[in-house]
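target19.cif (mmCIF, C-alpha atoms) appears below.
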data_entry
loop_
_atom_site.label_atom_id
_atom_site.label_comp_id
_atom_site.auth_asym_id
_atom_site.auth_seq_id
_atom_site.Cartn_x
_atom_site.Cartn_y
_atom_site.Cartn_z
CA MET A 12 54.86 0.43 16.10
CA ARG A 13 58.27 1.02 14.59
CA VAL A 14 60.95 1.44 17.20
CA LEU A 15 64.60 2.39 16.75
CA ILE A 16 67.05 1.53 19.52
CA VAL A 17 70.30 3.49 19.64
CA GLU A 18 72.49 1.71 22.19
CA ASP A 19 76.21 0.95 21.97
CA ASP A 20 76.19 -1.87 24.52
CA ALA A 21 75.60 -4.93 22.33
CA SER A 22 74.16 -7.01 25.13
CA LEU A 23 71.61 -4.37 26.11
CA GLY A 24 70.87 -3.40 22.51
CA LEU A 25 70.14 -6.98 21.51
CA PHE A 26 68.04 -7.57 24.58
CA LEU A 27 65.98 -4.42 24.02
CA GLN A 28 65.44 -5.41 20.41
CA LYS A 29 64.29 -8.87 21.41
CA GLY A 30 62.10 -7.64 24.27
CA LEU A 31 60.33 -4.93 22.30
CA LYS A 32 59.78 -7.33 19.38
CA LEU A 33 57.97 -9.63 21.77
CA GLU A 34 55.78 -6.65 22.69
CA GLY A 35 54.67 -6.62 19.06
CA HIS A 36 56.83 -3.77 17.77
CA GLU A 37 59.02 -3.81 14.69
CA VAL A 38 62.43 -2.98 16.06
CA ALA A 39 65.73 -1.86 14.58
CA TRP A 40 68.91 -1.50 16.61
CA VAL A 41 71.98 0.58 15.81
CA GLY A 42 75.11 1.01 17.90
CA ASP A 43 76.15 4.65 17.45
CA GLY A 44 74.63 8.12 17.32
CA GLU A 45 75.60 8.96 13.73
CA THR A 46 73.98 5.82 12.32
CA GLY A 47 70.99 6.32 14.60
CA LEU A 48 70.41 9.83 13.29
CA GLN A 49 70.78 8.71 9.69
CA PHE A 50 68.37 5.83 10.27
CA ALA A 51 65.86 8.15 11.93
CA VAL A 52 65.95 10.54 8.95
CA GLU A 53 65.41 7.71 6.46
CA GLN A 54 62.88 5.60 8.34
CA GLN A 55 61.08 8.07 10.62
CA PRO A 56 60.33 5.57 13.38
CA ASP A 57 57.47 6.07 15.81
CA LEU A 58 59.75 5.84 18.82
CA ILE A 59 63.49 6.17 19.39
CA VAL A 60 64.97 4.59 22.51
CA LEU A 61 68.18 6.59 22.82
CA ASP A 62 71.14 5.89 25.07
CA LEU A 63 73.17 8.94 26.08
CA SER A 64 76.69 7.50 26.09
CA LEU A 65 77.26 6.70 22.45
CA PRO A 66 80.20 6.65 20.05
CA ARG A 67 80.11 8.90 16.93
CA LYS A 68 77.64 11.51 18.31
CA ASP A 69 76.44 11.05 21.86
CA GLY A 70 72.77 11.10 22.80
CA ILE A 71 72.74 14.85 23.53
CA GLU A 72 74.22 15.60 20.07
CA VAL A 73 71.63 13.34 18.47
CA LEU A 74 68.85 15.20 20.27
CA GLU A 75 70.31 18.55 19.18
CA ALA A 76 70.45 17.38 15.57
CA MET A 77 66.89 16.10 15.78
CA GLN A 78 65.38 19.26 17.25
CA GLY A 79 62.39 20.43 15.25
CA ARG A 80 62.93 17.84 12.52
CA PHE A 81 60.99 14.85 13.85
CA ASP A 82 57.57 15.97 14.95
CA GLY A 83 56.14 12.50 14.56
CA THR A 84 58.80 10.63 16.51
CA ALA A 85 58.80 10.17 20.28
CA VAL A 86 62.15 9.88 22.08
CA LEU A 87 62.80 7.93 25.25
CA VAL A 88 66.27 8.60 26.68
CA LEU A 89 68.11 5.91 28.63
CA THR A 90 70.76 7.17 31.00
CA GLY A 91 73.06 5.58 33.52
CA ARG A 92 73.89 8.88 35.18
CA SER A 93 71.69 10.17 37.93
CA GLN A 94 72.30 13.93 37.51
CA VAL A 95 69.02 15.80 37.29
CA GLU A 96 70.65 18.49 35.09
CA GLU A 97 71.38 15.95 32.41
CA ARG A 98 67.80 14.72 32.30
CA VAL A 99 66.47 18.28 32.26
CA LYS A 100 68.77 19.06 29.33
CA CYS A 101 67.48 16.03 27.41
CA LEU A 102 63.85 17.01 28.00
CA ASN A 103 64.59 20.60 26.94
CA LEU A 104 66.18 19.28 23.77
CA GLY A 105 62.99 17.49 22.82
CA ALA A 106 63.16 14.12 24.56
CA ASP A 107 59.73 12.94 25.70
CA ASP A 108 60.88 10.91 28.68
CA CYS A 109 64.01 9.73 30.48
CA LEU A 110 64.61 6.37 32.14
CA LEU A 111 67.40 5.81 34.61
CA LYS A 112 69.46 2.62 34.34
CA PRO A 113 69.11 0.05 35.75
CA PHE A 114 65.42 -0.13 34.87
CA SER A 115 62.90 -2.94 34.83
CA PHE A 116 61.65 -4.36 31.56
CA HIS A 117 58.05 -3.73 32.63
CA GLU A 118 58.76 -0.06 33.29
CA LEU A 119 60.47 0.33 29.93
CA THR A 120 57.59 -1.21 28.00
CA ALA A 121 54.98 0.73 30.01
CA ARG A 122 56.78 3.99 29.26
CA CYS A 123 57.03 3.10 25.56
CA ARG A 124 53.30 2.43 25.46
CA ALA A 125 52.54 5.69 27.29
CA LEU A 126 54.69 7.71 24.87
CA LEU A 127 53.09 6.16 21.84
CA ARG A 128 49.61 6.73 23.29
CA ARG A 129 50.39 10.38 24.02
CA ARG A 130 51.78 10.84 20.54
CA GLU A 131 48.65 9.45 18.95
CA GLN A 132 46.50 12.02 20.77
CA PHE A 133 48.30 15.00 19.28
CA ALA A 134 49.17 13.74 15.81
CA ASP A 135 47.78 15.01 12.51
CA PRO A 136 44.81 12.76 11.74
CA VAL A 137 45.27 13.03 7.98
CA LEU A 138 47.41 10.52 6.12
CA ARG A 139 48.42 11.61 2.62
CA HIS A 140 49.96 9.84 -0.31
CA GLY A 141 50.05 11.80 -3.52
CA ASP A 142 46.48 12.79 -4.29
CA VAL A 143 44.97 10.34 -1.79
CA GLU A 144 43.98 11.66 1.64
CA LEU A 145 42.64 9.62 4.52
CA ASN A 146 41.27 11.36 7.60
CA ARG A 147 41.44 9.00 10.55
CA MET A 148 39.30 11.25 12.73
CA ASP A 149 36.41 11.82 10.30
CA ARG A 150 36.90 8.38 8.71
CA LYS A 151 36.81 10.02 5.27
CA VAL A 152 38.87 9.31 2.16
CA THR A 153 39.35 11.58 -0.82
CA ARG A 154 41.26 11.41 -4.07
CA HIS A 155 41.85 14.64 -5.95
CA GLY A 156 39.47 16.13 -3.39
CA ARG A 157 36.68 13.78 -4.49
CA ALA A 158 35.09 11.69 -1.74
CA VAL A 159 35.63 7.93 -1.94
CA GLU A 160 33.13 5.77 -0.06
CA LEU A 161 34.85 2.82 1.64
CA THR A 162 33.67 -0.01 3.84
CA VAL A 163 35.22 -0.46 7.28
CA LYS A 164 37.66 -3.11 6.07
CA GLU A 165 38.60 -1.18 2.94
CA PHE A 166 39.29 1.85 5.11
CA ALA A 167 41.42 -0.19 7.54
CA LEU A 168 43.39 -1.72 4.66
CA LEU A 169 44.10 1.65 3.03
CA GLU A 170 45.03 3.12 6.42
CA PHE A 171 47.51 0.34 7.06
CA LEU A 172 49.10 0.71 3.63
CA LEU A 173 49.37 4.49 4.08
CA LEU A 174 50.97 4.08 7.48
CA ARG A 175 53.70 1.99 5.88
CA ARG A 176 54.71 5.08 3.88
CA GLY A 177 55.25 3.30 0.59
CA ARG A 178 56.98 0.27 2.06
CA CYS A 179 55.79 -3.19 1.14
CA CYS A 180 53.24 -5.05 3.30
CA SER A 181 53.14 -8.80 2.96
CA ARG A 182 49.78 -10.58 2.56
CA SER A 183 50.30 -12.41 5.85
CA GLU A 184 50.98 -9.12 7.63
CA LEU A 185 47.83 -7.57 6.18
CA LEU A 186 45.82 -10.63 7.17
CA ARG A 187 47.15 -10.40 10.71
CA GLU A 188 46.91 -6.64 11.19
CA VAL A 189 43.75 -5.75 9.26
CA TRP A 190 41.68 -8.93 9.54
CA GLN A 191 43.22 -10.33 12.75
CA MET A 192 43.52 -13.65 10.94
CA SER A 193 46.32 -16.19 11.01
CA PRO A 194 48.74 -15.95 8.07
CA ASP A 195 47.93 -19.62 7.40
CA ALA A 196 44.21 -18.93 7.00
CA GLY A 197 44.38 -19.85 3.31
CA THR A 198 42.17 -17.06 2.06
CA ASN A 199 42.49 -14.57 -0.78
CA VAL A 200 40.57 -11.88 1.10
CA VAL A 201 43.55 -9.47 0.91
CA ASP A 202 43.73 -9.66 -2.90
CA VAL A 203 39.97 -9.26 -3.17
CA TYR A 204 39.94 -6.13 -0.99
CA VAL A 205 42.96 -4.60 -2.73
CA ASN A 206 40.99 -4.98 -5.93
CA TYR A 207 37.96 -3.24 -4.41
CA LEU A 208 40.17 -0.39 -3.23
CA ARG A 209 41.86 -0.02 -6.60
CA LYS A 210 38.50 0.20 -8.32
CA LYS A 211 37.08 2.77 -5.91
CA LEU A 212 40.21 4.91 -5.84
CA GLY A 213 40.62 4.53 -9.59
CA ALA A 214 37.11 5.82 -10.17
CA ALA A 215 38.00 9.00 -8.27
CA SER A 216 41.30 9.55 -10.08
CA ALA A 217 42.02 12.50 -12.37
CA GLU A 218 42.25 11.77 -16.06
CA ASP A 219 45.84 13.03 -16.19
CA ASP A 220 47.27 10.93 -13.35
CA GLY A 221 49.68 9.25 -15.77
CA GLY A 222 48.07 5.89 -15.14
CA TYR A 223 49.96 5.32 -11.91
CA SER A 224 48.64 2.55 -9.72
CA VAL A 225 47.54 3.78 -6.28
CA ILE A 226 48.29 0.35 -4.83
CA GLU A 227 51.11 -1.59 -6.41
CA THR A 228 51.60 -5.33 -6.33
CA VAL A 229 55.07 -6.37 -5.24
CA ARG A 230 55.52 -9.71 -6.93
CA GLY A 231 55.97 -12.55 -4.43
CA GLU A 232 55.77 -10.13 -1.50
CA GLY A 233 52.52 -8.21 -1.15
CA TYR A 234 51.31 -4.67 -1.71
CA GLN A 235 52.49 -1.10 -1.25
CA MET A 236 51.24 2.36 -2.06
CA GLY A 237 52.22 3.27 -5.60
CA ARG A 238 55.23 5.46 -6.27
CA VAL A 239 54.44 9.09 -6.86
CA GLY A 240 56.72 12.07 -7.42
CA LYS A 241 58.60 13.03 -4.27
CA ALA A 242 57.10 16.51 -4.31
CA VAL A 243 53.64 15.16 -3.65
CA SER A 244 54.48 12.01 -1.72
CA ARG A 245 53.93 12.78 1.93
CA VAL A 246 52.47 10.82 4.79
CA SER A 247 51.77 12.58 8.03
CA GLY A 248 49.90 11.45 11.10
CA TYR A 249 50.80 8.84 13.62
CA PRO A 250 52.29 5.88 11.84
CA THR A 251 51.96 2.47 13.34
CA GLY A 252 53.27 0.42 10.44
CA ALA A 253 56.12 -2.01 10.55
CA MET A 254 59.79 -1.35 10.14
CA CYS A 255 61.71 -3.55 7.74
CA ALA A 256 65.24 -2.78 8.83
CA GLY A 257 67.11 -4.58 11.55
CA ALA A 258 70.52 -3.96 13.04
CA MET B 14 87.64 9.33 43.94
CA VAL B 15 83.97 10.35 43.83
CA GLU B 16 84.21 10.87 40.06
CA ARG B 17 85.85 7.47 39.58
CA ILE B 18 83.12 5.80 41.62
CA ASP B 19 80.51 7.62 39.55
CA VAL B 20 82.05 6.26 36.34
CA ALA B 21 82.34 2.77 37.83
CA LEU B 22 78.72 2.83 38.99
CA HIS B 23 77.67 3.91 35.52
CA GLY B 24 79.56 0.91 34.16
CA LEU B 25 77.58 -1.39 36.45
CA CYS B 26 74.27 -0.04 35.22
CA GLN B 27 74.48 -1.70 31.79
CA PRO B 28 74.88 -5.32 32.93
CA LEU B 29 72.50 -4.76 35.83
CA THR B 30 69.83 -3.49 33.44
CA VAL B 31 70.26 -6.46 31.11
CA LEU B 32 70.27 -8.88 34.04
CA GLN B 33 67.05 -7.49 35.52
CA CYS B 34 65.25 -7.22 32.17
CA ARG B 35 66.48 -10.59 30.94
CA LEU B 36 65.14 -12.37 34.01
CA SER B 37 61.81 -10.49 33.78
CA LEU B 38 61.44 -11.51 30.17
CA GLY B 39 62.27 -15.14 30.95
CA GLU B 40 59.69 -15.15 33.73
CA MET B 41 57.14 -13.48 31.46
CA LEU B 42 57.55 -16.05 28.68
CA GLY B 43 57.72 -18.88 31.18
CA THR B 44 58.69 -21.69 28.80
CA PRO B 45 61.60 -23.98 29.78
CA GLU B 46 63.57 -22.75 26.74
CA ALA B 47 62.98 -19.08 27.60
CA LEU B 48 63.97 -19.65 31.21
CA GLN B 49 67.09 -21.55 30.19
CA GLU B 50 68.06 -18.80 27.77
CA ALA B 51 67.41 -16.15 30.43
CA VAL B 52 69.60 -17.97 32.95
CA HIS B 53 72.36 -18.44 30.36
CA GLU B 54 72.38 -14.76 29.38
CA SER B 55 72.00 -13.62 32.98
CA LEU B 56 75.10 -15.57 33.99
CA ARG B 57 77.01 -13.70 31.29
CA GLU B 58 75.79 -10.41 32.72
CA CYS B 59 76.77 -11.57 36.22
CA ALA B 60 80.30 -12.05 34.89
CA ARG B 61 80.25 -8.44 33.62
CA LEU B 62 78.97 -7.29 37.00
CA ASN B 63 81.72 -9.22 38.77
CA ASP B 64 84.30 -7.48 36.59
CA GLY B 65 82.80 -4.11 37.44
CA VAL B 66 82.70 -4.85 41.17
CA GLY B 67 86.31 -6.10 40.93
CA ARG B 68 87.37 -2.79 39.39
CA MET B 69 85.57 -0.87 42.14
CA ARG B 70 87.24 -3.01 44.81
CA THR B 71 90.66 -2.31 43.30
CA MET B 72 89.87 1.40 43.27
CA LEU B 73 88.86 1.28 46.92
CA GLN B 74 91.99 -0.66 47.89
CA GLN B 75 94.16 1.84 46.04
CA SER B 76 92.42 4.71 47.76
CA VAL B 77 92.80 3.11 51.22
CA ALA B 78 96.48 2.43 50.53
CA MET B 79 96.99 6.04 49.48
CA GLU B 80 95.30 7.31 52.66
CA GLU B 81 97.46 5.02 54.83
CA ASN B 82 100.58 6.31 53.08
CA GLU B 83 99.48 9.88 53.72
CA ARG B 84 98.92 9.13 57.39
CA ALA B 85 102.27 7.33 57.71
CA ARG B 86 104.05 10.46 56.46
#

This structure in structure tokens:
Amino acid sequence: MRVLIVEDDASLGLFLQKGLKLEGHEVAWVGDGETGLQFAVEQQPDLIVLDLSLPRKDGIEVLEAMQGRFDGTAVLVLTGRSQVEERVKCLNLGADDCLLKPFSFHELTARCRALLRRREQFADPVLRHGDVELNRMDRKVTRHGRAVELTVKEFALLEFLLLRRGRCCSRSELLREVWQMSPDAGTNVVDVYVNYLRKKLGAASAEDDGGYSVIETVRGEGYQMGRVGKAVSRVSGYPTGAMCAGA
Amino acid sequence: MVERIDVALHGLCQPLTVLQCRLSLGEMLGTPEALQEAVHESLRECARLNDGVGRMRTMLQQSVAMEENERAR
């Protein structure tokens, strides 16, 4: 999962980043509300861990600015103040949960997991990228409305690429996340399956698609979903991909 | 006074959170390096806590002194 930490205390921010990374999340940390909001708009993380006392837009202002704009992002508020009113206000502004400082690391990670689980239950099951649609509930893929038959691994690979919303996935990451194999496995299975996917999706493409590649190779890095016009490029659902940015 | 204590307590929450979480993480990882790192970082947080407690003590002393002055009048 991609987590954004907005915390002005460097010691706590760094610790949270380190701790949640060890939990297997891709974590970015920023130190003020303004940057946090900007980052959230650009990266659409799965979870924001938001401190309330922040410079350049406090946590409440960030929540107000986020209202109704981030359906796919869960927010866990961290607060050092014990007033119930403050926590109620945060929840009314769209926060999913509040955690009172000082908290235990185990409680923080358990709450993060619970929020992400809850979010998955209510998310749109359809991932879209241009003319490609993948329904995670029905396990069906279409391109231009035409059904594309995929094997289990092909489906998992496409799903992972779609969840990354056009960002690059390295071969080692794909090996680890889709095949549960070590990055040192010394296999070209990723390239082989990307080829299968390209062929199957290519066969279902419209004749006037401008020859754009559904899956692009990023030289020396890996693969990403091909660039399409912004008007049709949209991914919805419950992303679990990795976040590239760090604080 | 109550407000000042509230602010001071809030200030203690940050290092206390890091201290608690840092030690948990060290224990969870369990390697000598992780434990050493946890102890090192925890000592730094203890220093922050000491500063915070020092500030609270000063506040209390000031408040007691003020009360004694009031009574003396």

Quick one: which residues from chain A are at most 6 Å off chain B, using only C-alpha atoms, as number ranges by chain? A: 23, 91, 112-116

One decimal place gives the atom CA of Cys101 of chain A-atom CA of Glu131 of chain A separation as 21.7 Å

Report as a list in words all protein, DNA and RNA residues lying within 12 Å of Leu73 of chain B, evaluated on all atoms listed in the file, omitting residues in the same chain fewer than 4 positions from it. Met14, Val15, Arg17, Ile18, Ala21, Val66, Gly67, Arg68, Met69, Val77, Ala78, Met79 and Glu80 of chain B

Quick one: apply the PyMOL selection byres ((chain A and resi 70) around 12) to the file and drop the selected residues here as a ChimeraX atom specification. /A:16-19,42-48,59-69,71-77,86-90,97-98,100-102,104-106,109

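For the pair atom CA of Thr44 of chain B and atom CA of Thr120 of chain A, the interatomic distance is 20.5 Å.
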